[in-house]
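Take a look at the structure set out below.
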Amino acid sequence: MATLSPVRPRAPKPLDGTEQRALVVVRRFGTVGALFLALGSLGAGAAPVINPVQEIPVLRLFTRLPTVSLALGFSGMALMVLAWLMLGRFSRPDRARVATQGQLARTITMWVAPLLFIPPLFSRDVYSYVAQSEIVRRGMDPYVLGPAQALGIGDPLTAGVTNMWRETPAPYGPLLLKLGSWLSPIGGNNVVAGVLLQRGLALVGVILIVWALPRLAKRFGVQPVTALWLGAANPLLIFHFVAGAHNDALAIGLMVAGLELGIRRLPMRISGDSPPPLAKGELLFIGLGVVVITLGVAVKLPAVLALPFFTVMVARRWHGKLKDLALAALPMAALFGVVLTALSVGSGLGWGWIGALGTPGMIRSWISPTAEIANLDGVLGISLGLGNHTNALVPIIGGLGYLVAAVITVKFLWDSFKWRYRPMIGLGVALGALMVLQVNLQPWYLLWAVIPLAASAGTSRFRVAATIVSAVLPFLLPPTGSTFDGRSYVLPFSYVAAIVVTVLALLVVRRISPLLFSRPSPEQLTGP
């Protein structure tokens, strides 16, 4: 197996006229879904406490009709997920004709555009980013003081923060908060402006992902358009990185951009071949890759896993021996330490962010395997008359989860070093294990694994599994990111209405473009 695959992906033909017309239908279908989701967000989004939509004629009706708004939101989500699945038809690597990267990029742009200026969806985390950035701007320590302590309960920026996070320190890296503090004077006390500015930071990450994914895919022998479809057009990315404005977007974007820059000049080599001489600028790009990955680490810590796998890529570029691994690791680790120290100390925030990393673990996600095991053990203890020990079990089970993730990471690091896996695949698996085994697992955490794997894993089994996960997970959280205060009828009514709208929309699409509902013909495929 090569450090960088010497097998370039097949150059497919462009779509024919009928397929291009079907692609236009798919693009518009997804855009209608995005518009539905945007309208639904006005009444079913994670709106600020002082909601400016309530002052806008006509649009303020959505704030008074939560069931209708949520039905619109769910309908939009369903249409976008279905449009993404249809788009996958034109992105399959086994097709003789596929969509171009430009067509994929235009499709992503059309689907994202309606969601740029809407209230946050699925989570209120972005309000914490805004408040924590203002804490830094005022010269206080966000790793010691929460928004309520630093800004005060009555501050409008504190009002939007979820209650449980109002008195907790920021678990994010110094680069993110420093960037936020530079944006904070622009928004001032205007919560809406602050949210849009934070979404702008997330969009930078999305743009980096769109830029890096097809380039990485080419290097690893994966069809670039397939990687773009699975990684960048993914509903989880659009819903949570764009609409939800999560800072994971910037961290992942910097991570994959750093990997692309770092391996740009690495030569292709098969195990056993003699290593070629250094290429012009090779060491410079390796250093640049380390710097950019470190910027991602200074946004969110999981990006640090990219560095050991990047080191393996560099070591395999030589003889692939332990000596080569050490010679690659020492200067790369030193550069990482220098850059991270410069960011931590230079930002004026120091190293307090390391001590605050446990803050997200205060919540237990119902989709987390480790959290559910702890809950199950607690129920078992109650049934056996031993008492409820769930709270004591959560940190123990959570710690075991991190231990298992560490073992998986070391295994795939070693296997990658021994040429059994591509290091990029090892990185995706390691990040997936780390995210899934956290007690606070959230749907968008899976993108940490899906995006690097989309650029390197060319098997149909992975694509099918990632497709199912990406299509199902979005519906596990309502767009509000919260409950409905005991109004139990809202969710079921909204789901039923959304199903009806979705079925009707599918019937219309089937009439307009039957091709989208037919199986690919043998001449459309290049192989099994």
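Ligands are numbered from 1 in the order shown, chains are lettered A, B, ... in the order of the structure tokens, and residues start at 1 in each chain.
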
Check: If you count only C-alpha atoms, which residues fall within 10 Å of A:Phe117, apart from same-chain ones fewer than 6 positions away, as a PyMOL selection string?
Finding: chain A and resi 38+192-193+195-196+199+242-243

Write the residues you've just listed into a file as a PDB file, in the first residue's frame, and include C-alpha atoms for each of them.
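So again11.pdb came out as:
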```
ATOM      1  CA  ALA A  38     -35.263  28.537   6.493  1.00  0.00           C
ATOM      2  CA  VAL A 192     -28.207  38.473  15.852  1.00  0.00           C
ATOM      3  CA  ALA A 193     -25.076  40.129  14.477  1.00  0.00           C
ATOM      4  CA  VAL A 195     -24.547  34.821  15.608  1.00  0.00           C
ATOM      5  CA  LEU A 196     -24.053  35.763  11.941  1.00  0.00           C
ATOM      6  CA  ARG A 199     -21.589  31.531  11.334  1.00  0.00           C
ATOM      7  CA  VAL A 242     -23.965  26.027   8.403  1.00  0.00           C
ATOM      8  CA  ALA A 243     -27.384  26.304  10.052  1.00  0.00           C
TER       9      ALA A 243
END
```

Checklist line | Distance query A:Met86 at most 8 Å, only C-alpha atoms, self and fewer than 3 positions along chain excluded, as a list of chain:residue names | finding: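 Skipping anything fewer than 3 positions along the chain leaves A:Val26, A:Leu82, A:Ala83, A:Arg89, A:Phe90, A:Leu516.
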
Next item on the list: Just list the residues in stretch 282-525 of chain A DSSP gives alpha helix (DSSP H) on the backbone, as a ChimeraX atom specification.
Entry: /A:282-297,306-317,322-346,352-355,369-383,390-417,423-436,447-454,460-472,490-512

Next item on the list: Please provide as a VMD selection string all residues within 6 Å of A:Val144, with the sequence filter that same-chain residues fewer than 2 positions apart are discarded (counting only C-alpha atoms).
Entry: chain A and resid 141 to 142 169

Wanna dump the stretch 224-284 of chain A-stretch 42-53 of chain A contacts at 12 Å for me, each residue with its shortest atom pair and the distance in Å to one decimal, counting only C-alpha atoms, ordered by chain and number, as JSON lines?
```
{"residue": "A:Phe239", "atom": "CA", "partner": "A:Gly45", "partner_atom": "CA", "distance": 11.7}
{"residue": "A:Ala243", "atom": "CA", "partner": "A:Gly45", "partner_atom": "CA", "distance": 9.6}
{"residue": "A:Gly244", "atom": "CA", "partner": "A:Ala46", "partner_atom": "CA", "distance": 9.0}
{"residue": "A:Ala245", "atom": "CA", "partner": "A:Ala46", "partner_atom": "CA", "distance": 11.6}
```

Note to self: Would you pick out the contacts of stretch 212-215 of chain A at 8 Å or less, using only C-alpha atoms, so that residues sharing its chain but fewer than 6 positions from it are not included, and give the list as a list in words?
What the structure shows: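 The contact residues come out as Gln223, Pro224, Val225, Ala227, Leu228, Gly231, Ala232, Gly253, Val256, Ala257, Glu260, Ile451, Pro452, Ala454 and Ala455 of chain A.
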
Go ahead and write the selection's residues with C-alpha atoms as a PDB file, in the first residue's frame.
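Ended up saving to part.pdb:
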```
ATOM      1  CA  GLN A 223     -13.207   9.842  -7.027  1.00  0.00           C
ATOM      2  CA  PRO A 224     -13.152  13.570  -6.024  1.00  0.00           C
ATOM      3  CA  VAL A 225     -16.834  14.106  -6.767  1.00  0.00           C
ATOM      4  CA  ALA A 227     -15.683  12.665  -1.680  1.00  0.00           C
ATOM      5  CA  LEU A 228     -17.396  16.038  -2.173  1.00  0.00           C
ATOM      6  CA  GLY A 231     -18.188  14.931   2.903  1.00  0.00           C
ATOM      7  CA  ALA A 232     -19.159  18.451   1.831  1.00  0.00           C
ATOM      8  CA  GLY A 253     -11.531  22.596   7.846  1.00  0.00           C
ATOM      9  CA  VAL A 256      -7.982  18.678   6.350  1.00  0.00           C
ATOM     10  CA  ALA A 257      -6.472  21.795   4.752  1.00  0.00           C
ATOM     11  CA  GLU A 260      -3.598  18.602   2.019  1.00  0.00           C
ATOM     12  CA  ILE A 451     -14.885  13.816   6.252  1.00  0.00           C
ATOM     13  CA  PRO A 452     -11.371  12.273   6.349  1.00  0.00           C
ATOM     14  CA  ALA A 454     -14.683  10.385   2.481  1.00  0.00           C
ATOM     15  CA  ALA A 455     -11.322  11.438   1.047  1.00  0.00           C
TER      16      ALA A 455
END
```

Notebook entry, point to check: Leaving out A:Arg264 and any residue of its chain fewer than 3 positions from it, which residues lie within 8 Å of it when counting only C-alpha atoms, given as a list in words?
Noted result: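 Result of the neighbour search: Glu260, Leu261, Glu282 and Phe285 of chain A.
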
Mind writing the picked residues with N, CA and C atoms as a short mmCIF file (atom, residue, chain, number, x, y, z; two decimals), in the first residue's frame?
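again26.cif was written with the following content:
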```cif
data_model
loop_
_atom_site.label_atom_id
_atom_site.label_comp_id
_atom_site.auth_asym_id
_atom_site.auth_seq_id
_atom_site.Cartn_x
_atom_site.Cartn_y
_atom_site.Cartn_z
N GLU A 260 -3.78 18.42 3.46
CA GLU A 260 -3.60 18.60 2.02
C GLU A 260 -2.31 19.37 1.71
N LEU A 261 -2.07 20.44 2.45
CA LEU A 261 -0.84 21.21 2.24
C LEU A 261 0.39 20.38 2.61
N GLU A 282 9.47 20.44 -0.39
CA GLU A 282 8.79 19.36 0.34
C GLU A 282 8.78 19.62 1.84
N PHE A 285 6.42 22.52 2.81
CA PHE A 285 5.00 22.19 2.84
C PHE A 285 4.66 21.28 4.02
#
```

Next item on the list: Go through A:Asn163, A:Ser518, A:Thr158, A:Ser69 and flag the residue nearest A:Phe36, using only C-alpha atoms for the distances.
Entry: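 Ranked by minimum distance to A:Phe36, first place goes to A:Ser69.
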
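Proximity to A:Leu413 was assessed for A:Gly30, A:Gly40, A:Gly428, A:Gly398 counting only C-alpha atoms; the smallest distance is recorded for A:Gly428.
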
Item checked: Computed interatomic separation between atom CA of A:Val297 and atom CA of A:Gly352 (Å) ->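 Going from atom CA of A:Val297 over to atom CA of A:Gly352, I get 14.5 Å.
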
Note to self: Can you pull out the residues contacting A:Thr502? Cut-off 9 Å, using only C-alpha atoms, and skip same-chain residues under 2 positions away; I want them as number ranges by chain.
What the structure shows: A: 75-76, 78-79, 497-500, 504-507

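Near A:Pro276, within 8 Å and counting only C-alpha atoms, sit Pro267, Ser274, Leu278 and Trp318 of chain A, not including residues fewer than 2 positions from it in the same chain.
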
Got time to write the residues from that selection, N, CA, C and O atoms, as a PDB file, in the first residue's frame?
```pdb
ATOM      1  N   PRO A 267       6.253  12.430  -2.284  1.00  0.00           N
ATOM      2  CA  PRO A 267       6.228  11.579  -3.477  1.00  0.00           C
ATOM      3  C   PRO A 267       5.391  10.325  -3.244  1.00  0.00           C
ATOM      4  O   PRO A 267       5.166   9.905  -2.110  1.00  0.00           O
ATOM      5  N   SER A 274      12.772   2.133  -3.196  1.00  0.00           N
ATOM      6  CA  SER A 274      13.744   3.066  -2.643  1.00  0.00           C
ATOM      7  C   SER A 274      13.130   4.465  -2.586  1.00  0.00           C
ATOM      8  O   SER A 274      12.464   4.888  -3.539  1.00  0.00           O
ATOM      9  N   LEU A 278      14.521  14.379  -1.852  1.00  0.00           N
ATOM     10  CA  LEU A 278      13.590  15.420  -1.449  1.00  0.00           C
ATOM     11  C   LEU A 278      13.190  16.268  -2.648  1.00  0.00           C
ATOM     12  O   LEU A 278      14.028  16.682  -3.458  1.00  0.00           O
ATOM     13  N   TRP A 318      10.031   7.784   3.531  1.00  0.00           N
ATOM     14  CA  TRP A 318      11.413   7.312   3.516  1.00  0.00           C
ATOM     15  C   TRP A 318      11.421   5.790   3.510  1.00  0.00           C
ATOM     16  O   TRP A 318      10.803   5.181   2.672  1.00  0.00           O
TER      17      TRP A 318
END
```

With only C-alpha atoms counted and 12 Å as the cut-off, give the residues of stretch 214-308 of chain A in contact with stretch 443-449 of chain A, each with its shortest interatomic distance in Å and the pair that gives it, as CSV.
```
residue,atom,partner,partner_atom,distance
A:Leu230,CA,A:Leu447,CA,10.1
A:Gly231,CA,A:Leu447,CA,7.8
A:Ala232,CA,A:Leu447,CA,9.8
A:Ala233,CA,A:Leu447,CA,11.6
A:Asn234,CA,A:Leu447,CA,8.9
A:Pro235,CA,A:Trp444,CA,9.8
A:Leu236,CA,A:Trp444,CA,6.0
A:Leu237,CA,A:Trp444,CA,7.1
A:Ile238,CA,A:Trp444,CA,10.0
A:Phe239,CA,A:Trp444,CA,8.8
A:His240,CA,A:Trp444,CA,6.2
A:Phe241,CA,A:Trp444,CA,7.9
A:Val242,CA,A:Trp444,CA,11.2
A:Ala243,CA,A:Trp444,CA,11.8
A:Gly244,CA,A:Trp444,CA,9.7
A:Ala245,CA,A:Trp444,CA,11.0
A:His246,CA,A:Trp444,CA,8.6
A:Asn247,CA,A:Trp444,CA,10.7
A:Asp248,CA,A:Tyr445,CA,8.0
A:Ala249,CA,A:Leu447,CA,9.0
A:Leu250,CA,A:Trp448,CA,11.4
A:Ala251,CA,A:Trp448,CA,9.4
A:Ile252,CA,A:Trp448,CA,6.7
A:Gly253,CA,A:Trp448,CA,10.0
A:Leu254,CA,A:Trp448,CA,11.9
A:Met255,CA,A:Trp448,CA,9.8
A:Val256,CA,A:Trp448,CA,10.2
A:Lys300,CA,A:Trp448,CA,11.2
A:Leu301,CA,A:Trp448,CA,11.6
A:Pro302,CA,A:Trp448,CA,8.4
A:Ala303,CA,A:Trp448,CA,8.6
A:Val304,CA,A:Trp448,CA,11.8
A:Leu305,CA,A:Trp448,CA,10.6
A:Ala306,CA,A:Trp448,CA,10.7
```

Can I get the selected residues back with N, CA and C atoms, as an mmCIF file, in the first residue's frame?
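So the final result, stored in out.cif, reads:
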```cif
data_model
loop_
_atom_site.group_PDB
_atom_site.id
_atom_site.type_symbol
_atom_site.label_atom_id
_atom_site.label_comp_id
_atom_site.auth_asym_id
_atom_site.auth_seq_id
_atom_site.Cartn_x
_atom_site.Cartn_y
_atom_site.Cartn_z
ATOM 1 N N LEU A 230 -20.101 12.978 -0.332
ATOM 2 C CA LEU A 230 -20.232 12.363 0.984
ATOM 3 C C LEU A 230 -19.763 13.283 2.099
ATOM 4 N N GLY A 231 -18.741 14.092 1.845
ATOM 5 C CA GLY A 231 -18.188 14.931 2.903
ATOM 6 C C GLY A 231 -18.747 16.326 2.961
ATOM 7 N N ALA A 232 -18.804 17.032 1.824
ATOM 8 C CA ALA A 232 -19.159 18.451 1.831
ATOM 9 C C ALA A 232 -20.640 18.706 1.598
ATOM 10 N N ALA A 233 -21.304 17.855 0.813
ATOM 11 C CA ALA A 233 -22.743 18.038 0.585
ATOM 12 C C ALA A 233 -23.570 17.300 1.630
ATOM 13 N N ASN A 234 -22.901 16.667 2.574
ATOM 14 C CA ASN A 234 -23.556 15.857 3.604
ATOM 15 C C ASN A 234 -24.591 16.671 4.387
ATOM 16 N N PRO A 235 -25.802 16.142 4.585
ATOM 17 C CA PRO A 235 -26.821 16.877 5.354
ATOM 18 C C PRO A 235 -26.368 17.255 6.759
ATOM 19 N N LEU A 236 -25.584 16.382 7.402
ATOM 20 C CA LEU A 236 -25.088 16.713 8.738
ATOM 21 C C LEU A 236 -24.247 17.985 8.702
ATOM 22 N N LEU A 237 -23.430 18.135 7.663
ATOM 23 C CA LEU A 237 -22.595 19.331 7.548
ATOM 24 C C LEU A 237 -23.461 20.566 7.326
ATOM 25 N N ILE A 238 -24.419 20.474 6.400
ATOM 26 C CA ILE A 238 -25.245 21.643 6.088
ATOM 27 C C ILE A 238 -26.115 22.030 7.286
ATOM 28 N N PHE A 239 -26.706 21.050 7.945
ATOM 29 C CA PHE A 239 -27.595 21.348 9.066
ATOM 30 C C PHE A 239 -26.841 21.885 10.276
ATOM 31 N N HIS A 240 -25.692 21.285 10.591
ATOM 32 C CA HIS A 240 -25.029 21.611 11.858
ATOM 33 C C HIS A 240 -23.850 22.576 11.718
ATOM 34 N N PHE A 241 -23.139 22.529 10.602
ATOM 35 C CA PHE A 241 -22.018 23.457 10.435
ATOM 36 C C PHE A 241 -22.467 24.798 9.867
ATOM 37 N N VAL A 242 -23.468 24.777 8.988
ATOM 38 C CA VAL A 242 -23.965 26.027 8.403
ATOM 39 C C VAL A 242 -25.123 26.576 9.227
ATOM 40 N N ALA A 243 -26.225 25.825 9.301
ATOM 41 C CA ALA A 243 -27.384 26.304 10.052
ATOM 42 C C ALA A 243 -27.097 26.371 11.549
ATOM 43 N N GLY A 244 -26.363 25.392 12.071
ATOM 44 C CA GLY A 244 -26.059 25.372 13.494
ATOM 45 C C GLY A 244 -24.836 26.179 13.882
ATOM 46 N N ALA A 245 -23.998 26.551 12.896
ATOM 47 C CA ALA A 245 -22.814 27.403 13.112
ATOM 48 C C ALA A 245 -21.837 26.818 14.128
ATOM 49 N N HIS A 246 -21.653 25.506 14.127
ATOM 50 C CA HIS A 246 -20.751 24.887 15.106
ATOM 51 C C HIS A 246 -19.286 25.113 14.742
ATOM 52 N N ASN A 247 -18.479 25.358 15.765
ATOM 53 C CA ASN A 247 -17.066 25.646 15.526
ATOM 54 C C ASN A 247 -16.268 24.419 15.101
ATOM 55 N N ASP A 248 -16.866 23.231 15.178
ATOM 56 C CA ASP A 248 -16.202 22.032 14.646
ATOM 57 C C ASP A 248 -15.869 22.224 13.169
ATOM 58 N N ALA A 249 -16.681 23.014 12.453
ATOM 59 C CA ALA A 249 -16.442 23.240 11.028
ATOM 60 C C ALA A 249 -15.076 23.855 10.793
ATOM 61 N N LEU A 250 -14.741 24.876 11.572
ATOM 62 C CA LEU A 250 -13.444 25.538 11.406
ATOM 63 C C LEU A 250 -12.304 24.600 11.791
ATOM 64 N N ALA A 251 -12.478 23.844 12.875
ATOM 65 C CA ALA A 251 -11.429 22.921 13.312
ATOM 66 C C ALA A 251 -11.175 21.838 12.268
ATOM 67 N N ILE A 252 -12.240 21.225 11.737
ATOM 68 C CA ILE A 252 -12.081 20.172 10.729
ATOM 69 C C ILE A 252 -11.532 20.765 9.436
ATOM 70 N N GLY A 253 -12.023 21.953 9.058
ATOM 71 C CA GLY A 253 -11.531 22.596 7.846
ATOM 72 C C GLY A 253 -10.034 22.846 7.899
ATOM 73 N N LEU A 254 -9.552 23.360 9.029
ATOM 74 C CA LEU A 254 -8.111 23.586 9.180
ATOM 75 C C LEU A 254 -7.346 22.266 9.196
ATOM 76 N N MET A 255 -7.928 21.244 9.808
ATOM 77 C CA MET A 255 -7.259 19.943 9.882
ATOM 78 C C MET A 255 -7.054 19.349 8.485
ATOM 79 N N VAL A 256 -8.127 19.296 7.674
ATOM 80 C CA VAL A 256 -7.982 18.678 6.350
ATOM 81 C C VAL A 256 -7.182 19.571 5.407
ATOM 82 N N LYS A 300 -10.270 23.395 18.287
ATOM 83 C CA LYS A 300 -10.863 22.276 19.017
ATOM 84 C C LYS A 300 -9.853 21.132 19.042
ATOM 85 N N LEU A 301 -9.652 20.554 20.222
ATOM 86 C CA LEU A 301 -8.546 19.629 20.470
ATOM 87 C C LEU A 301 -8.542 18.368 19.615
ATOM 88 N N PRO A 302 -9.672 17.746 19.239
ATOM 89 C CA PRO A 302 -9.597 16.489 18.485
ATOM 90 C C PRO A 302 -8.763 16.562 17.211
ATOM 91 N N ALA A 303 -8.574 17.763 16.654
ATOM 92 C CA ALA A 303 -7.754 17.889 15.444
ATOM 93 C C ALA A 303 -6.325 17.433 15.679
ATOM 94 N N VAL A 304 -5.907 17.317 16.956
ATOM 95 C CA VAL A 304 -4.530 16.910 17.252
ATOM 96 C C VAL A 304 -4.243 15.492 16.765
ATOM 97 N N LEU A 305 -5.276 14.665 16.610
ATOM 98 C CA LEU A 305 -5.053 13.293 16.144
ATOM 99 C C LEU A 305 -4.511 13.262 14.723
ATOM 100 N N ALA A 306 -4.699 14.330 13.964
ATOM 101 C CA ALA A 306 -4.184 14.349 12.598
ATOM 102 C C ALA A 306 -2.659 14.342 12.569
#
```

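One finds atom CA of A:Asn189 at 11.1 Å from atom CA of A:Leu151.
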
Item checked: Point-to-point distance in Å for atom CA of A:Ala113 and atom CA of A:Trp84 -> 15.7 Å
